[in-house]
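Engineer: The following file, query-v8.cif, comprises mmCIF, N, CA and C atoms:
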data_start
#
loop_
_atom_site.label_atom_id
_atom_site.label_comp_id
_atom_site.auth_asym_id
_atom_site.auth_seq_id
_atom_site.Cartn_x
_atom_site.Cartn_y
_atom_site.Cartn_z
N MET U 1136 14.16 16.54 -34.09
CA MET U 1136 15.12 15.95 -33.18
C MET U 1136 14.37 15.33 -32.00
N LYS U 1137 14.82 14.17 -31.59
CA LYS U 1137 14.23 13.50 -30.44
C LYS U 1137 14.90 13.97 -29.16
N LEU U 1138 14.09 14.22 -28.14
CA LEU U 1138 14.56 14.60 -26.81
C LEU U 1138 14.22 13.48 -25.84
N GLN U 1139 15.03 13.35 -24.80
CA GLN U 1139 14.74 12.36 -23.77
C GLN U 1139 14.58 13.04 -22.43
N ALA U 1140 13.71 12.50 -21.63
CA ALA U 1140 13.49 12.99 -20.28
C ALA U 1140 13.33 11.78 -19.37
N TRP U 1141 13.34 12.04 -18.06
CA TRP U 1141 13.22 10.97 -17.07
C TRP U 1141 12.24 11.39 -15.98
N ARG U 1142 11.56 10.39 -15.47
CA ARG U 1142 10.67 10.58 -14.32
C ARG U 1142 11.00 9.49 -13.31
N ILE U 1143 11.20 9.88 -12.07
CA ILE U 1143 11.45 8.91 -11.01
C ILE U 1143 10.27 8.95 -10.05
N VAL U 1144 9.71 7.78 -9.82
CA VAL U 1144 8.55 7.64 -8.94
C VAL U 1144 8.75 6.43 -8.05
N LYS U 1145 7.97 6.37 -6.98
CA LYS U 1145 7.95 5.15 -6.19
C LYS U 1145 7.47 4.03 -7.09
N MET U 1146 8.09 2.87 -6.95
CA MET U 1146 7.77 1.73 -7.81
C MET U 1146 6.26 1.45 -7.81
N LYS U 1147 5.61 1.59 -6.66
CA LYS U 1147 4.18 1.29 -6.58
C LYS U 1147 3.34 2.23 -7.45
N HIS U 1148 3.91 3.37 -7.88
CA HIS U 1148 3.19 4.33 -8.72
C HIS U 1148 3.63 4.28 -10.18
N ALA U 1149 4.50 3.34 -10.55
CA ALA U 1149 5.04 3.29 -11.91
C ALA U 1149 3.95 3.16 -12.97
N ALA U 1150 2.93 2.37 -12.71
CA ALA U 1150 1.88 2.16 -13.71
C ALA U 1150 1.05 3.41 -13.98
N THR U 1151 1.00 4.32 -13.02
CA THR U 1151 0.19 5.54 -13.18
C THR U 1151 1.06 6.80 -13.20
N ALA U 1152 2.35 6.63 -13.46
CA ALA U 1152 3.31 7.74 -13.37
C ALA U 1152 3.04 8.88 -14.35
N PHE U 1153 2.25 8.64 -15.38
CA PHE U 1153 2.01 9.68 -16.39
C PHE U 1153 0.56 10.11 -16.46
N SER U 1154 -0.16 9.88 -15.37
CA SER U 1154 -1.56 10.30 -15.32
C SER U 1154 -1.71 11.77 -14.91
N GLY U 1155 -0.70 12.31 -14.24
CA GLY U 1155 -0.79 13.68 -13.73
C GLY U 1155 -1.54 13.78 -12.42
N GLU U 1156 -1.88 12.64 -11.83
CA GLU U 1156 -2.72 12.62 -10.63
C GLU U 1156 -2.04 13.25 -9.42
N GLY U 1157 -0.75 12.97 -9.21
CA GLY U 1157 -0.07 13.55 -8.06
C GLY U 1157 -0.05 15.07 -8.11
N ALA U 1158 0.28 15.62 -9.28
CA ALA U 1158 0.28 17.08 -9.43
C ALA U 1158 -1.13 17.63 -9.31
N ARG U 1159 -2.12 16.89 -9.79
CA ARG U 1159 -3.51 17.35 -9.69
C ARG U 1159 -3.93 17.43 -8.21
N LEU U 1160 -3.53 16.44 -7.44
CA LEU U 1160 -3.92 16.41 -6.02
C LEU U 1160 -3.19 17.45 -5.18
N TYR U 1161 -1.89 17.64 -5.43
CA TYR U 1161 -1.08 18.44 -4.53
C TYR U 1161 -0.52 19.73 -5.13
N GLY U 1162 -0.57 19.89 -6.44
CA GLY U 1162 0.04 21.05 -7.06
C GLY U 1162 1.55 20.96 -7.01
N GLY U 1163 2.21 21.96 -7.53
CA GLY U 1163 3.67 21.99 -7.55
C GLY U 1163 4.14 23.38 -7.91
N ARG U 1164 5.41 23.51 -8.17
CA ARG U 1164 5.96 24.81 -8.55
C ARG U 1164 5.26 25.38 -9.77
N TRP U 1165 4.93 24.52 -10.73
CA TRP U 1165 4.41 24.99 -12.01
C TRP U 1165 2.94 24.67 -12.23
N ASN U 1166 2.23 24.23 -11.23
CA ASN U 1166 0.78 24.01 -11.38
C ASN U 1166 0.07 24.11 -10.04
N SER U 1167 -1.19 24.49 -10.11
CA SER U 1167 -2.05 24.52 -8.93
C SER U 1167 -2.68 23.15 -8.73
N ALA U 1168 -3.10 22.85 -7.52
CA ALA U 1168 -3.88 21.65 -7.28
C ALA U 1168 -5.11 21.73 -8.18
N GLY U 1169 -5.48 20.61 -8.77
CA GLY U 1169 -6.60 20.57 -9.70
C GLY U 1169 -6.17 20.53 -11.15
N VAL U 1170 -4.88 20.81 -11.43
CA VAL U 1170 -4.37 20.80 -12.80
C VAL U 1170 -3.45 19.58 -12.95
N SER U 1171 -3.80 18.67 -13.85
CA SER U 1171 -3.02 17.44 -14.06
C SER U 1171 -1.84 17.70 -14.97
N LEU U 1172 -0.63 17.58 -14.43
CA LEU U 1172 0.60 17.68 -15.21
C LEU U 1172 1.55 16.60 -14.73
N VAL U 1173 2.56 16.30 -15.55
CA VAL U 1173 3.56 15.30 -15.20
C VAL U 1173 4.93 15.98 -15.24
N TYR U 1174 5.66 15.93 -14.15
CA TYR U 1174 6.98 16.54 -14.05
C TYR U 1174 8.05 15.53 -14.45
N THR U 1175 8.93 15.93 -15.38
CA THR U 1175 10.05 15.10 -15.80
C THR U 1175 11.30 15.98 -15.86
N SER U 1176 12.47 15.36 -16.03
CA SER U 1176 13.74 16.09 -16.09
C SER U 1176 14.56 15.60 -17.28
N CYS U 1177 15.48 16.45 -17.74
CA CYS U 1177 16.25 16.15 -18.94
C CYS U 1177 17.26 15.01 -18.75
N THR U 1178 17.66 14.73 -17.53
CA THR U 1178 18.58 13.62 -17.26
C THR U 1178 18.09 12.82 -16.06
N ARG U 1179 18.58 11.60 -15.97
CA ARG U 1179 18.24 10.77 -14.83
C ARG U 1179 18.79 11.39 -13.54
N ALA U 1180 20.00 12.00 -13.63
CA ALA U 1180 20.61 12.62 -12.46
C ALA U 1180 19.76 13.78 -11.95
N LEU U 1181 19.28 14.63 -12.85
CA LEU U 1181 18.44 15.75 -12.42
C LEU U 1181 17.12 15.22 -11.86
N ALA U 1182 16.55 14.20 -12.47
CA ALA U 1182 15.31 13.61 -11.95
C ALA U 1182 15.53 13.10 -10.53
N ALA U 1183 16.71 12.52 -10.27
CA ALA U 1183 17.03 12.04 -8.92
C ALA U 1183 17.09 13.21 -7.94
N LEU U 1184 17.76 14.28 -8.33
CA LEU U 1184 17.86 15.45 -7.44
C LEU U 1184 16.49 16.08 -7.21
N GLU U 1185 15.68 16.17 -8.26
CA GLU U 1185 14.34 16.74 -8.12
C GLU U 1185 13.50 15.90 -7.16
N SER U 1186 13.71 14.60 -7.16
CA SER U 1186 13.00 13.72 -6.22
C SER U 1186 13.53 13.89 -4.81
N LEU U 1187 14.86 13.91 -4.68
CA LEU U 1187 15.47 14.01 -3.35
C LEU U 1187 15.11 15.29 -2.63
N VAL U 1188 14.99 16.38 -3.35
CA VAL U 1188 14.71 17.66 -2.71
C VAL U 1188 13.33 17.66 -2.04
N HIS U 1189 12.48 16.74 -2.45
CA HIS U 1189 11.13 16.67 -1.88
C HIS U 1189 10.97 15.60 -0.81
N LEU U 1190 12.03 14.86 -0.51
CA LEU U 1190 11.96 13.84 0.53
C LEU U 1190 12.26 14.49 1.88
N ASN U 1191 11.22 14.69 2.66
CA ASN U 1191 11.41 15.32 3.95
C ASN U 1191 10.43 14.69 4.94
N PRO U 1192 10.88 13.88 5.86
CA PRO U 1192 12.26 13.47 6.06
C PRO U 1192 12.67 12.45 5.01
N PRO U 1193 13.98 12.27 4.83
CA PRO U 1193 14.44 11.29 3.85
C PRO U 1193 13.98 9.89 4.23
N VAL U 1194 13.28 9.26 3.33
CA VAL U 1194 12.77 7.91 3.54
C VAL U 1194 13.17 7.08 2.33
N ILE U 1195 13.60 5.87 2.59
CA ILE U 1195 14.01 5.01 1.48
C ILE U 1195 12.82 4.18 1.02
N PHE U 1196 12.46 4.31 -0.24
CA PHE U 1196 11.42 3.52 -0.88
C PHE U 1196 12.05 2.77 -2.04
N THR U 1197 11.29 1.89 -2.65
CA THR U 1197 11.71 1.27 -3.91
C THR U 1197 11.21 2.18 -5.02
N TYR U 1198 12.12 2.60 -5.91
CA TYR U 1198 11.79 3.55 -6.95
C TYR U 1198 11.91 2.93 -8.33
N ALA U 1199 11.31 3.62 -9.30
CA ALA U 1199 11.45 3.27 -10.71
C ALA U 1199 11.85 4.52 -11.47
N ALA U 1200 12.81 4.39 -12.37
CA ALA U 1200 13.18 5.47 -13.29
C ALA U 1200 12.56 5.11 -14.64
N ILE U 1201 11.84 6.04 -15.22
CA ILE U 1201 11.11 5.77 -16.46
C ILE U 1201 11.58 6.75 -17.53
N PRO U 1202 12.17 6.22 -18.62
CA PRO U 1202 12.59 7.11 -19.70
C PRO U 1202 11.39 7.54 -20.54
N VAL U 1203 11.48 8.74 -21.08
CA VAL U 1203 10.43 9.33 -21.89
C VAL U 1203 11.12 9.90 -23.13
N GLU U 1204 10.49 9.75 -24.29
CA GLU U 1204 11.07 10.30 -25.51
C GLU U 1204 10.00 11.06 -26.27
N PHE U 1205 10.38 12.22 -26.80
CA PHE U 1205 9.42 13.02 -27.56
C PHE U 1205 10.17 13.87 -28.57
N ASP U 1206 9.46 14.25 -29.59
CA ASP U 1206 10.02 15.09 -30.64
C ASP U 1206 10.04 16.54 -30.17
N ASP U 1207 11.09 17.27 -30.54
CA ASP U 1207 11.18 18.67 -30.10
C ASP U 1207 10.06 19.54 -30.66
N ALA U 1208 9.36 19.07 -31.69
CA ALA U 1208 8.22 19.81 -32.23
C ALA U 1208 7.05 19.85 -31.24
N LEU U 1209 7.05 18.97 -30.25
CA LEU U 1209 5.99 18.93 -29.24
C LEU U 1209 6.27 19.87 -28.07
N VAL U 1210 7.43 20.55 -28.10
CA VAL U 1210 7.90 21.30 -26.94
C VAL U 1210 7.74 22.81 -27.13
N GLU U 1211 7.23 23.46 -26.09
CA GLU U 1211 7.26 24.92 -25.98
C GLU U 1211 8.27 25.25 -24.90
N LYS U 1212 9.19 26.14 -25.19
CA LYS U 1212 10.19 26.56 -24.20
C LYS U 1212 9.74 27.89 -23.60
N VAL U 1213 9.72 27.95 -22.28
CA VAL U 1213 9.32 29.19 -21.61
C VAL U 1213 10.38 30.25 -21.90
N SER U 1214 9.93 31.40 -22.38
CA SER U 1214 10.86 32.48 -22.74
C SER U 1214 10.97 33.54 -21.64
N ALA U 1215 9.94 33.72 -20.86
CA ALA U 1215 9.95 34.72 -19.79
C ALA U 1215 9.43 34.09 -18.50
N LEU U 1216 10.26 34.14 -17.48
CA LEU U 1216 9.89 33.57 -16.18
C LEU U 1216 9.42 34.66 -15.24
N PRO U 1217 8.45 34.34 -14.38
CA PRO U 1217 7.97 35.35 -13.44
C PRO U 1217 9.02 35.67 -12.37
N PRO U 1218 8.98 36.87 -11.83
CA PRO U 1218 9.91 37.22 -10.74
C PRO U 1218 9.76 36.23 -9.58
N GLY U 1219 10.89 35.88 -9.00
CA GLY U 1219 10.88 34.99 -7.84
C GLY U 1219 10.63 33.54 -8.16
N TRP U 1220 10.72 33.14 -9.44
CA TRP U 1220 10.40 31.76 -9.82
C TRP U 1220 11.28 30.74 -9.11
N LYS U 1221 12.46 31.12 -8.65
CA LYS U 1221 13.35 30.19 -7.95
C LYS U 1221 13.07 30.12 -6.45
N ASP U 1222 12.23 31.01 -5.94
CA ASP U 1222 11.97 31.09 -4.50
C ASP U 1222 11.36 29.80 -3.96
N SER U 1223 11.59 29.57 -2.67
CA SER U 1223 10.98 28.44 -1.99
C SER U 1223 10.32 28.97 -0.72
N PRO U 1224 9.02 28.85 -0.61
CA PRO U 1224 8.10 28.25 -1.59
C PRO U 1224 7.95 29.14 -2.82
N PRO U 1225 7.56 28.53 -3.94
CA PRO U 1225 7.42 29.31 -5.16
C PRO U 1225 6.23 30.26 -5.09
N PRO U 1226 6.32 31.39 -5.79
CA PRO U 1226 5.21 32.34 -5.79
C PRO U 1226 4.04 31.81 -6.63
N PRO U 1227 2.84 32.33 -6.40
CA PRO U 1227 1.67 31.91 -7.18
C PRO U 1227 1.85 32.11 -8.69
N SER U 1228 2.70 33.05 -9.08
CA SER U 1228 2.89 33.32 -10.50
C SER U 1228 3.46 32.13 -11.27
N THR U 1229 4.24 31.28 -10.61
CA THR U 1229 4.78 30.11 -11.31
C THR U 1229 3.66 29.11 -11.59
N ARG U 1230 2.79 28.91 -10.61
CA ARG U 1230 1.66 28.00 -10.82
C ARG U 1230 0.73 28.56 -11.89
N ALA U 1231 0.54 29.87 -11.90
CA ALA U 1231 -0.32 30.50 -12.91
C ALA U 1231 0.24 30.27 -14.31
N LEU U 1232 1.57 30.32 -14.44
CA LEU U 1232 2.20 30.09 -15.75
C LEU U 1232 1.88 28.68 -16.25
N GLY U 1233 2.10 27.68 -15.41
CA GLY U 1233 1.82 26.29 -15.80
C GLY U 1233 0.34 26.02 -16.00
N ASP U 1234 -0.49 26.60 -15.14
CA ASP U 1234 -1.94 26.42 -15.26
C ASP U 1234 -2.45 26.97 -16.60
N LEU U 1235 -1.97 28.15 -16.97
CA LEU U 1235 -2.39 28.77 -18.23
C LEU U 1235 -1.94 27.93 -19.42
N TRP U 1236 -0.69 27.46 -19.38
CA TRP U 1236 -0.18 26.62 -20.46
C TRP U 1236 -1.05 25.36 -20.61
N ALA U 1237 -1.38 24.72 -19.50
CA ALA U 1237 -2.21 23.51 -19.54
C ALA U 1237 -3.61 23.83 -20.05
N ALA U 1238 -4.21 24.90 -19.56
CA ALA U 1238 -5.58 25.27 -19.96
C ALA U 1238 -5.66 25.62 -21.44
N GLN U 1239 -4.63 26.27 -21.96
CA GLN U 1239 -4.64 26.65 -23.37
C GLN U 1239 -4.23 25.50 -24.28
N ALA U 1240 -3.67 24.43 -23.70
CA ALA U 1240 -3.27 23.24 -24.46
C ALA U 1240 -2.43 23.62 -25.68
N ARG U 1241 -1.44 24.48 -25.45
CA ARG U 1241 -0.62 24.96 -26.57
C ARG U 1241 0.29 23.87 -27.11
N THR U 1242 0.88 23.06 -26.24
CA THR U 1242 1.76 21.97 -26.64
C THR U 1242 1.60 20.85 -25.61
N ALA U 1243 2.15 19.68 -25.95
CA ALA U 1243 2.11 18.54 -25.03
C ALA U 1243 3.22 18.62 -23.99
N VAL U 1244 4.29 19.39 -24.29
CA VAL U 1244 5.46 19.46 -23.42
C VAL U 1244 5.86 20.92 -23.22
N LEU U 1245 6.17 21.27 -21.98
CA LEU U 1245 6.67 22.61 -21.66
C LEU U 1245 8.05 22.47 -21.04
N GLU U 1246 9.04 23.13 -21.64
CA GLU U 1246 10.41 23.10 -21.11
C GLU U 1246 10.62 24.29 -20.17
N LEU U 1247 11.11 23.97 -18.98
CA LEU U 1247 11.36 24.98 -17.94
C LEU U 1247 12.74 24.77 -17.36
N PRO U 1248 13.38 25.83 -16.87
CA PRO U 1248 14.70 25.65 -16.26
C PRO U 1248 14.59 24.98 -14.89
N SER U 1249 15.62 24.21 -14.56
CA SER U 1249 15.69 23.61 -13.23
C SER U 1249 16.08 24.66 -12.22
N VAL U 1250 15.44 24.64 -11.06
CA VAL U 1250 15.85 25.50 -9.95
C VAL U 1250 17.11 24.93 -9.31
N ILE U 1251 17.22 23.62 -9.28
CA ILE U 1251 18.30 22.93 -8.57
C ILE U 1251 19.63 23.00 -9.33
N ILE U 1252 19.59 22.77 -10.65
CA ILE U 1252 20.81 22.75 -11.47
C ILE U 1252 20.68 23.77 -12.58
N PRO U 1253 21.28 24.95 -12.43
CA PRO U 1253 21.21 25.96 -13.50
C PRO U 1253 21.74 25.39 -14.82
N GLY U 1254 21.06 25.74 -15.89
CA GLY U 1254 21.47 25.28 -17.22
C GLY U 1254 20.84 23.96 -17.64
N GLU U 1255 20.16 23.28 -16.73
CA GLU U 1255 19.47 22.04 -17.09
C GLU U 1255 17.97 22.30 -17.09
N SER U 1256 17.25 21.41 -17.76
CA SER U 1256 15.82 21.61 -17.96
C SER U 1256 14.96 20.53 -17.33
N ASN U 1257 13.78 20.95 -16.93
CA ASN U 1257 12.71 20.04 -16.58
C ASN U 1257 11.64 20.18 -17.64
N TYR U 1258 10.84 19.14 -17.81
CA TYR U 1258 9.77 19.15 -18.79
C TYR U 1258 8.45 18.82 -18.10
N LEU U 1259 7.45 19.64 -18.33
CA LEU U 1259 6.10 19.33 -17.89
C LEU U 1259 5.40 18.65 -19.06
N LEU U 1260 4.72 17.57 -18.77
CA LEU U 1260 3.93 16.87 -19.79
C LEU U 1260 2.46 17.08 -19.47
N ASN U 1261 1.67 17.35 -20.49
CA ASN U 1261 0.23 17.55 -20.30
C ASN U 1261 -0.51 16.31 -20.79
N PRO U 1262 -0.92 15.42 -19.87
CA PRO U 1262 -1.58 14.18 -20.28
C PRO U 1262 -2.92 14.41 -20.96
N ALA U 1263 -3.50 15.60 -20.85
CA ALA U 1263 -4.78 15.90 -21.49
C ALA U 1263 -4.61 16.43 -22.92
N HIS U 1264 -3.38 16.73 -23.33
CA HIS U 1264 -3.14 17.29 -24.66
C HIS U 1264 -3.28 16.18 -25.72
N PRO U 1265 -3.89 16.47 -26.88
CA PRO U 1265 -4.04 15.45 -27.92
C PRO U 1265 -2.72 14.83 -28.38
N ASP U 1266 -1.62 15.59 -28.34
CA ASP U 1266 -0.33 15.06 -28.78
C ASP U 1266 0.40 14.27 -27.70
N PHE U 1267 -0.18 14.16 -26.52
CA PHE U 1267 0.45 13.37 -25.46
C PHE U 1267 0.69 11.94 -25.93
N LYS U 1268 -0.18 11.44 -26.78
CA LYS U 1268 -0.04 10.06 -27.28
C LYS U 1268 1.21 9.88 -28.14
N LYS U 1269 1.82 10.97 -28.61
CA LYS U 1269 3.04 10.90 -29.41
C LYS U 1269 4.29 10.77 -28.54
N ILE U 1270 4.13 10.94 -27.24
CA ILE U 1270 5.25 10.81 -26.31
C ILE U 1270 5.45 9.32 -26.03
N VAL U 1271 6.68 8.87 -26.19
CA VAL U 1271 6.99 7.45 -25.98
C VAL U 1271 7.42 7.25 -24.53
N LEU U 1272 6.65 6.46 -23.82
CA LEU U 1272 6.94 6.14 -22.43
C LEU U 1272 7.69 4.82 -22.38
N GLY U 1273 8.88 4.84 -21.80
CA GLY U 1273 9.69 3.63 -21.72
C GLY U 1273 9.26 2.73 -20.58
N LYS U 1274 9.97 1.62 -20.47
CA LYS U 1274 9.70 0.67 -19.40
C LYS U 1274 10.33 1.16 -18.10
N PRO U 1275 9.60 1.04 -17.00
CA PRO U 1275 10.19 1.40 -15.70
C PRO U 1275 11.41 0.54 -15.40
N GLU U 1276 12.46 1.18 -14.93
CA GLU U 1276 13.68 0.50 -14.54
C GLU U 1276 13.85 0.67 -13.03
N SER U 1277 14.27 -0.38 -12.36
CA SER U 1277 14.50 -0.28 -10.93
C SER U 1277 15.53 0.80 -10.65
N PHE U 1278 15.29 1.61 -9.64
CA PHE U 1278 16.19 2.72 -9.31
C PHE U 1278 16.28 2.82 -7.80
N SER U 1279 17.49 3.08 -7.31
CA SER U 1279 17.63 3.30 -5.87
C SER U 1279 18.64 4.43 -5.65
N PHE U 1280 18.44 5.17 -4.58
CA PHE U 1280 19.35 6.24 -4.21
C PHE U 1280 20.49 5.66 -3.38
N ASP U 1281 21.67 6.16 -3.60
CA ASP U 1281 22.79 5.80 -2.75
C ASP U 1281 22.46 6.31 -1.35
N PRO U 1282 22.52 5.46 -0.33
CA PRO U 1282 22.15 5.88 1.03
C PRO U 1282 22.94 7.07 1.55
N ARG U 1283 24.12 7.33 0.98
CA ARG U 1283 24.90 8.48 1.44
C ARG U 1283 24.24 9.79 1.07
N LEU U 1284 23.35 9.77 0.08
CA LEU U 1284 22.62 10.98 -0.30
C LEU U 1284 21.52 11.31 0.71
N LEU U 1285 21.09 10.32 1.43
CA LEU U 1285 20.00 10.51 2.38
C LEU U 1285 20.57 10.72 3.76
#
Now, as a test, write the supplied structure out as structure tokens.
Structural biologist:
Amino acid sequence: MKLQAWRIVKMKHAATAFSGEGARLYGGRWNSAGVSLVYTSCTRALAALESLVHLNPPVIFTYAAIPVEFDDALVEKVSALPPGWKDSPPPPSTRALGDLWAAQARTAVLELPSVIIPGESNYLLNPAHPDFKKIVLGKPESFSFDPRLL
């Protein structure tokens, strides 16, 4: 079965949106700085919320929404989450989970629950995994946030 995910980035970063460079430089909930991963979401709406939650202060940029498609055979779903995984800031155990998954190169995609929207999923993509080339990256589409959200 084919799955779809979305990534929203500033338009100026659309060409390098799947390099994992931002996560490598700054880390995130599911990875430490130094580990290249790509964060995506199961819907465009969740990708928008995941982006908005990190805008502090809210600043309006030109964005691109990029669809991603991959086979469910490329996906590992996390079965056990560390205590406090929803906390802000996240505990080191969440980064350790993603770091270990990336280091072991078990799959090209890791499915994790969204902290923002219960019942929805985010997907981590490992650009260093040999099966990353099987992930279909769509064309960037112009995207803008409704100013009332900011």
Engineer: Need the shell around Gly1169 in chain U: protein/DNA/RNA residues with any atom at most 8 Å away, counting all atoms listed in the file. Skip same-chain ones fewer than 4 positions apart. Format as a compact mmCIF listing (two decimals) with N, CA and C atoms, in the frame of the given file?
Structural biologist:
# COMPACT_ATOMS: atom_id res chain seq x y z
N GLY U 1157 -0.75 12.97 -9.21
CA GLY U 1157 -0.07 13.55 -8.06
C GLY U 1157 -0.05 15.07 -8.11
N ALA U 1158 0.28 15.62 -9.28
CA ALA U 1158 0.28 17.08 -9.43
C ALA U 1158 -1.13 17.63 -9.31
N ARG U 1159 -2.12 16.89 -9.79
CA ARG U 1159 -3.51 17.35 -9.69
C ARG U 1159 -3.93 17.43 -8.21
N LEU U 1160 -3.53 16.44 -7.44
CA LEU U 1160 -3.92 16.41 -6.02
C LEU U 1160 -3.19 17.45 -5.18
N TYR U 1161 -1.89 17.64 -5.43
CA TYR U 1161 -1.08 18.44 -4.53
C TYR U 1161 -0.52 19.73 -5.13
N GLY U 1162 -0.57 19.89 -6.44
CA GLY U 1162 0.04 21.05 -7.06
C GLY U 1162 1.55 20.96 -7.01
N GLY U 1163 2.21 21.96 -7.53
CA GLY U 1163 3.67 21.99 -7.55
C GLY U 1163 4.14 23.38 -7.91
Engineer: To verify the selection step, state as a ChimeraX atom specification which residues the PyMOL selection byres (((chain U and resi 1141-1151 and name CA) around 9) and name CA) yields on this input.
Structural biologist: /U:1139-1140,1152-1156,1173-1183,1185-1186,1196-1204,1275,1277-1278
Engineer: With the file shown as input, list the residues that the PyMOL selection byres ((chain U and resi 1252-1261) around 5) selects, as a PyMOL selection string.
Structural biologist: chain U and resi 1172-1177+1243-1251+1262-1264
Engineer: Can you tell me, as a compact mmCIF listing (two decimals) with N, CA and C atoms, in the frame of the given file, which residues in range 1145-1264 of chain U count as strand (DSSP E or B) by DSSP?
Structural biologist:
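So the final result, stored in out.txt, reads:
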# COMPACT_ATOMS: atom_id res chain seq x y z
N LYS U 1145 7.97 6.37 -6.98
CA LYS U 1145 7.95 5.15 -6.19
C LYS U 1145 7.47 4.03 -7.09
N GLY U 1163 2.21 21.96 -7.53
CA GLY U 1163 3.67 21.99 -7.55
C GLY U 1163 4.14 23.38 -7.91
N ASN U 1166 2.23 24.23 -11.23
CA ASN U 1166 0.78 24.01 -11.38
C ASN U 1166 0.07 24.11 -10.04
N VAL U 1173 2.56 16.30 -15.55
CA VAL U 1173 3.56 15.30 -15.20
C VAL U 1173 4.93 15.98 -15.24
N TYR U 1174 5.66 15.93 -14.15
CA TYR U 1174 6.98 16.54 -14.05
C TYR U 1174 8.05 15.53 -14.45
N THR U 1175 8.93 15.93 -15.38
CA THR U 1175 10.05 15.10 -15.80
C THR U 1175 11.30 15.98 -15.86
N SER U 1176 12.47 15.36 -16.03
CA SER U 1176 13.74 16.09 -16.09
C SER U 1176 14.56 15.60 -17.28
N TYR U 1198 12.12 2.60 -5.91
CA TYR U 1198 11.79 3.55 -6.95
C TYR U 1198 11.91 2.93 -8.33
N ALA U 1199 11.31 3.62 -9.30
CA ALA U 1199 11.45 3.27 -10.71
C ALA U 1199 11.85 4.52 -11.47
N ALA U 1200 12.81 4.39 -12.37
CA ALA U 1200 13.18 5.47 -13.29
C ALA U 1200 12.56 5.11 -14.64
N ILE U 1201 11.84 6.04 -15.22
CA ILE U 1201 11.11 5.77 -16.46
C ILE U 1201 11.58 6.75 -17.53
N PRO U 1202 12.17 6.22 -18.62
CA PRO U 1202 12.59 7.11 -19.70
C PRO U 1202 11.39 7.54 -20.54
N VAL U 1203 11.48 8.74 -21.08
CA VAL U 1203 10.43 9.33 -21.89
C VAL U 1203 11.12 9.90 -23.13
N GLU U 1204 10.49 9.75 -24.29
CA GLU U 1204 11.07 10.30 -25.51
C GLU U 1204 10.00 11.06 -26.27
N PHE U 1205 10.38 12.22 -26.80
CA PHE U 1205 9.42 13.02 -27.56
C PHE U 1205 10.17 13.87 -28.57
N ASP U 1206 9.46 14.25 -29.59
CA ASP U 1206 10.02 15.09 -30.64
C ASP U 1206 10.04 16.54 -30.17
N VAL U 1210 7.43 20.55 -28.10
CA VAL U 1210 7.90 21.30 -26.94
C VAL U 1210 7.74 22.81 -27.13
N GLU U 1211 7.23 23.46 -26.09
CA GLU U 1211 7.26 24.92 -25.98
C GLU U 1211 8.27 25.25 -24.90
N LYS U 1212 9.19 26.14 -25.19
CA LYS U 1212 10.19 26.56 -24.20
C LYS U 1212 9.74 27.89 -23.60
N VAL U 1244 4.29 19.39 -24.29
CA VAL U 1244 5.46 19.46 -23.42
C VAL U 1244 5.86 20.92 -23.22
N LEU U 1245 6.17 21.27 -21.98
CA LEU U 1245 6.67 22.61 -21.66
C LEU U 1245 8.05 22.47 -21.04
N GLU U 1246 9.04 23.13 -21.64
CA GLU U 1246 10.41 23.10 -21.11
C GLU U 1246 10.62 24.29 -20.17
N LEU U 1247 11.11 23.97 -18.98
CA LEU U 1247 11.36 24.98 -17.94
C LEU U 1247 12.74 24.77 -17.36
N PRO U 1248 13.38 25.83 -16.87
CA PRO U 1248 14.70 25.65 -16.26
C PRO U 1248 14.59 24.98 -14.89
N SER U 1256 17.25 21.41 -17.76
CA SER U 1256 15.82 21.61 -17.96
C SER U 1256 14.96 20.53 -17.33
N ASN U 1257 13.78 20.95 -16.93
CA ASN U 1257 12.71 20.04 -16.58
C ASN U 1257 11.64 20.18 -17.64
N TYR U 1258 10.84 19.14 -17.81
CA TYR U 1258 9.77 19.15 -18.79
C TYR U 1258 8.45 18.82 -18.10
N LEU U 1259 7.45 19.64 -18.33
CA LEU U 1259 6.10 19.33 -17.89
C LEU U 1259 5.40 18.65 -19.06
N LEU U 1260 4.72 17.57 -18.77
CA LEU U 1260 3.93 16.87 -19.79
C LEU U 1260 2.46 17.08 -19.47
Engineer: Quick one: DSSP helix (DSSP H, G or I) residues in chain U, as a ChimeraX atom specification?
Structural biologist: /U:1146-1151,1156-1161,1179-1187,1207-1209,1227-1239,1265-1269,1282-1284
Engineer: Mind running range 1158-1196 of chain U against range 1213-1223 of chain U at 12 Å and telling me each contacting residue's nearest atom pair with the distance in Å (one decimal), counting only C-alpha atoms, chain and number ascending, as a tab-separated table?
Structural biologist:
residue	atom	partner	partner_atom	distance
U:Gly1163	CA	U:Ser1223	CA	11.2
U:Arg1164	CA	U:Trp1220	CA	8.3
U:Trp1165	CA	U:Trp1220	CA	9.3
U:Val1188	CA	U:Ser1223	CA	11.4
U:His1189	CA	U:Ser1223	CA	11.8
Engineer: Let me know the centre plus edge lengths, in Å and rounded to one decimal, of a box with edges along x, y and z that contains all listed atoms of range 1171-1182 of chain U and is padded by 6 Å on every side, as JSON.
Structural biologist:
{"center_x": 8.4, "center_y": 14.7, "center_z": -14.7, "size_x": 36.4, "size_y": 19.9, "size_z": 20.4}
Engineer: Between U:Ser1279, U:Ile1195, U:Phe1267, U:Leu1272, which one has atoms that come closest to Leu1209 in chain U, using only C-alpha atoms?
Structural biologist: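 Nearest to Leu1209 in chain U: U:Phe1267.
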Engineer: Record the distance separating atom N of Leu1232 in chain U and atom C of Ser1171 in chain U, expressed in Å with one decimal.
Structural biologist: 13.1 Å
Engineer: Near Asp1207 in chain U, within 6 Å and counting all atoms listed in the file, which residues show up once chain neighbours fewer than 3 positions away are dropped, as a list in words?
Structural biologist: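 In the requested form, the answer reads Met1136, Lys1137, Leu1138 and Val1210 of chain U.
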Engineer: Could you tell me how far CA of Asp1206 in chain U sits from CA of Ala1238 in chain U, in Å to one decimal place?
Structural biologist: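 Atom-to-atom, CA of Ala1238 in chain U and CA of Asp1206 in chain U are spaced 21.5 Å apart.
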